[in-house]
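The structure file my_file_19.pdb is reproduced below (PDB, C-alpha atoms, pLDDT in the B column).
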ATOM      1  CA  SER A  52     -17.510  19.398  35.740  1.00 81.00           C
ATOM      2  CA  MET A  53     -18.364  16.052  37.323  1.00 86.00           C
ATOM      3  CA  LEU A  54     -16.265  14.267  34.730  1.00 91.00           C
ATOM      4  CA  ILE A  55     -13.295  16.591  35.219  1.00 87.00           C
ATOM      5  CA  GLU A  56     -13.468  16.365  39.015  1.00 86.00           C
ATOM      6  CA  GLY A  57     -13.654  12.571  38.838  1.00 90.00           C
ATOM      7  CA  LEU A  58     -10.782  12.283  36.352  1.00 91.00           C
ATOM      8  CA  LEU A  59      -8.497  14.601  38.287  1.00 88.00           C
ATOM      9  CA  THR A  60      -9.246  12.703  41.503  1.00 89.00           C
ATOM     10  CA  LEU A  61      -8.456   9.483  39.667  1.00 92.00           C
ATOM     11  CA  VAL A  62      -5.089  10.895  38.550  1.00 89.00           C
ATOM     12  CA  LEU A  63      -4.257  12.152  42.035  1.00 88.00           C
ATOM     13  CA  CYS A  64      -5.145   8.837  43.662  1.00 90.00           C
ATOM     14  CA  LEU A  65      -3.193   6.829  41.098  1.00 91.00           C
ATOM     15  CA  VAL A  66      -0.099   8.967  41.629  1.00 88.00           C
ATOM     16  CA  MET A  67      -0.404   8.604  45.401  1.00 87.00           C
ATOM     17  CA  LEU A  68      -0.985   4.864  45.248  1.00 89.00           C
ATOM     18  CA  THR A  69       1.946   4.367  42.906  1.00 87.00           C
ATOM     19  CA  LEU A  70       4.404   6.526  44.823  1.00 85.00           C
ATOM     20  CA  LEU A  71       3.444   5.290  48.273  1.00 84.00           C
ATOM     21  CA  THR A  72       3.072   1.559  47.628  1.00 86.00           C
ATOM     22  CA  HIS A  73       5.264   0.584  44.674  1.00 83.00           C
ATOM     23  CA  LYS A  74       8.566  -0.959  45.758  1.00 82.00           C
ATOM     24  CA  ASP A  75      10.671   1.131  43.349  1.00 81.00           C
ATOM     25  CA  TYR A  76       9.304   4.460  44.618  1.00 76.00           C
ATOM     26  CA  LYS A  77       8.703   3.691  48.294  1.00 74.00           C
ATOM     27  CA  GLY A  78      11.136   5.530  50.553  1.00 74.00           C
ATOM     28  CA  ASN A  79      12.580   7.595  47.716  1.00 79.00           C
ATOM     29  CA  ALA A  80      13.694  11.109  48.595  1.00 76.00           C
ATOM     30  CA  VAL A  81      11.742  12.624  45.708  1.00 82.00           C
ATOM     31  CA  THR A  82       8.396  11.058  46.633  1.00 83.00           C
ATOM     32  CA  GLY A  83       7.281  13.903  48.916  1.00 83.00           C
ATOM     33  CA  ALA A  84       8.190  16.565  46.378  1.00 86.00           C
ATOM     34  CA  VAL A  85       6.337  14.775  43.597  1.00 85.00           C
ATOM     35  CA  LEU A  86       3.237  14.340  45.761  1.00 85.00           C
ATOM     36  CA  GLY A  87       3.283  17.951  46.909  1.00 86.00           C
ATOM     37  CA  LEU A  88       3.834  19.410  43.458  1.00 88.00           C
ATOM     38  CA  GLY A  89       1.232  17.096  41.954  1.00 83.00           C
ATOM     39  CA  LEU A  90      -1.379  18.128  44.510  1.00 83.00           C
ATOM     40  CA  ALA A  91      -0.497  21.806  44.151  1.00 85.00           C
ATOM     41  CA  SER A  92      -0.807  21.653  40.366  1.00 84.00           C
ATOM     42  CA  LEU A  93      -4.173  19.895  40.545  1.00 79.00           C
ATOM     43  CA  LEU A  94      -5.458  22.370  43.123  1.00 78.00           C
ATOM     44  CA  TYR A  95      -4.299  25.238  40.903  1.00 83.00           C
ATOM     45  CA  ILE A  96      -6.642  23.914  38.219  1.00 80.00           C
ATOM     46  CA  GLY A  97      -9.535  24.403  40.619  1.00 71.00           C
ATOM     47  CA  GLY A  98     -10.623  21.029  41.915  1.00 70.00           C
ATOM     48  CA  LEU A  99     -11.532  20.138  45.483  1.00 71.00           C
ATOM     49  CA  PHE A 100     -10.686  16.390  45.469  1.00 77.00           C
ATOM     50  CA  ASN A 101     -11.953  15.904  49.007  1.00 79.00           C
ATOM     51  CA  PRO A 102     -15.594  15.017  49.723  1.00 80.00           C
ATOM     52  CA  ALA A 103     -15.220  16.000  53.398  1.00 81.00           C
ATOM     53  CA  ILE A 104     -14.306  19.582  52.510  1.00 78.00           C
ATOM     54  CA  ALA A 105     -17.196  19.762  50.040  1.00 76.00           C
ATOM     55  CA  ALA A 106     -19.653  18.402  52.599  1.00 78.00           C
ATOM     56  CA  GLY A 107     -18.461  20.953  55.166  1.00 79.00           C
ATOM     57  CA  ALA A 108     -18.871  23.768  52.661  1.00 75.00           C
ATOM     58  CA  MET A 109     -22.402  22.576  51.846  1.00 77.00           C
ATOM     59  CA  ILE A 110     -23.359  22.449  55.520  1.00 79.00           C
ATOM     60  CA  CYS A 111     -21.982  25.948  56.112  1.00 80.00           C
ATOM     61  CA  GLN A 112     -23.817  27.274  53.045  1.00 75.00           C
ATOM     62  CA  VAL A 113     -27.104  25.818  54.264  1.00 77.00           C
ATOM     63  CA  MET A 114     -26.553  27.198  57.771  1.00 80.00           C
ATOM     64  CA  VAL A 115     -25.675  30.694  56.549  1.00 81.00           C
ATOM     65  CA  SER A 116     -28.256  31.128  53.799  1.00 77.00           C
ATOM     66  CA  GLY A 117     -30.995  28.949  55.232  1.00 72.00           C
ATOM     67  CA  GLY A 118     -31.626  27.307  51.871  1.00 64.00           C
ATOM     68  CA  SER A 119     -30.302  24.283  50.071  1.00 59.00           C
ATOM     69  CA  SER A 120     -30.337  25.444  46.442  1.00 59.00           C
ATOM     70  CA  LEU A 121     -26.560  25.169  46.102  1.00 59.00           C
ATOM     71  CA  ALA A 122     -26.219  21.979  48.121  1.00 59.00           C
ATOM     72  CA  SER A 123     -27.643  19.609  45.507  1.00 63.00           C
ATOM     73  CA  ASP A 124     -25.398  20.832  42.671  1.00 66.00           C
ATOM     74  CA  VAL A 125     -22.288  20.982  44.795  1.00 68.00           C
ATOM     75  CA  GLY A 126     -23.087  17.576  46.250  1.00 71.00           C
ATOM     76  CA  LEU A 127     -23.107  15.907  42.874  1.00 72.00           C
ATOM     77  CA  ILE A 128     -19.974  17.596  41.615  1.00 81.00           C
ATOM     78  CA  TYR A 129     -17.726  17.746  44.674  1.00 81.00           C
ATOM     79  CA  VAL A 130     -18.887  14.759  46.734  1.00 84.00           C
ATOM     80  CA  ILE A 131     -19.982  12.045  44.309  1.00 87.00           C
ATOM     81  CA  ALA A 132     -17.358  12.611  41.571  1.00 88.00           C
ATOM     82  CA  PRO A 133     -14.270  12.370  43.863  1.00 88.00           C
ATOM     83  CA  LEU A 134     -15.657   9.235  45.467  1.00 90.00           C
ATOM     84  CA  LEU A 135     -16.171   7.647  42.060  1.00 93.00           C
ATOM     85  CA  GLY A 136     -12.719   8.799  40.932  1.00 93.00           C
ATOM     86  CA  GLY A 137     -11.112   7.280  44.026  1.00 92.00           C
ATOM     87  CA  VAL A 138     -12.912   3.977  43.528  1.00 95.00           C
ATOM     88  CA  ALA A 139     -11.869   3.921  39.863  1.00 96.00           C
ATOM     89  CA  ALA A 140      -8.240   4.636  40.816  1.00 95.00           C
ATOM     90  CA  ALA A 141      -8.221   1.801  43.347  1.00 94.00           C
ATOM     91  CA  TRP A 142      -9.724  -0.524  40.768  1.00 96.00           C
ATOM     92  CA  LEU A 143      -7.200   0.503  38.101  1.00 95.00           C
ATOM     93  CA  TYR A 144      -4.261   0.190  40.460  1.00 93.00           C
TER      94      TYR A 144
END

As structure tokens - that is how I would like this structure written.
Amino acid sequence: SMLIEGLLTLVLCLVMLTLLTHKDYKGNAVTGAVLGLGLASLLYIGGLFNPAIAAGAMICQVMVSGGSSLASDVGLIYVIAPLLGGVAAAWLY
């Protein structure tokens, strides 16, 4: 699941970087629709793609349950993998 989360974050970041910074796509009327549909389709698959949301969920889980059994697994999958995917997308772009 770490690999999938990282790869999907990489795809999302590459699409955003391309559509928002490339001179042929910048200011195009379709850019917003492509970004929105791309994000919606990736979220439908089941990824989080945002380390801040994952960190907030981990903090809430620890506060509610009083334990941190879930925090270590979720931290690796939903915090580390999107960060690595984003760095890889920036490097590839």

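Residues captured in this structure file are Met53, Leu54, Glu56, Gly57, Thr60, Leu61, Phe100, Asn101, Pro102, Gly126, Leu127, Ile128, Tyr129, Val130, Leu135, Gly136, Gly137 and Val138 of chain A, according to the PyMOL selection byres ((chain A and resi 131-134) around 8).
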
Identify all residues satisfying the PyMOL selection byres ((chain A and resi 90) around 12) in the given file; provide them as a list in words.
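Output from the PyMOL selection byres ((chain A and resi 90) around 12), applied to this file: Leu59, Thr60, Val62, Leu63, Cys64, Leu65, Val66, Met67, Gly83, Ala84, Val85, Leu86, Gly87, Leu88, Gly89, Ala91, Ser92, Leu93, Leu94, Tyr95, Ile96, Gly97, Gly98, Leu99, Phe100 and Asn101 of chain A.
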
For a test of reading the model, state the distance in Å between CA of Leu71 in chain A and CA of Tyr144 in chain A, rounded to one decimal.
12.1 Å

What does the distance between CA of Ala105 in chain A and CA of Ser52 in chain A come to in Å, to one decimal place?
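Separation between CA of Ala105 in chain A and CA of Ser52 in chain A: 14.3 Å.
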
Would you compute the distance between CA of Ile55 in chain A and CA of Cys111 in chain A? Give it in Å to one decimal.
24.5 Å
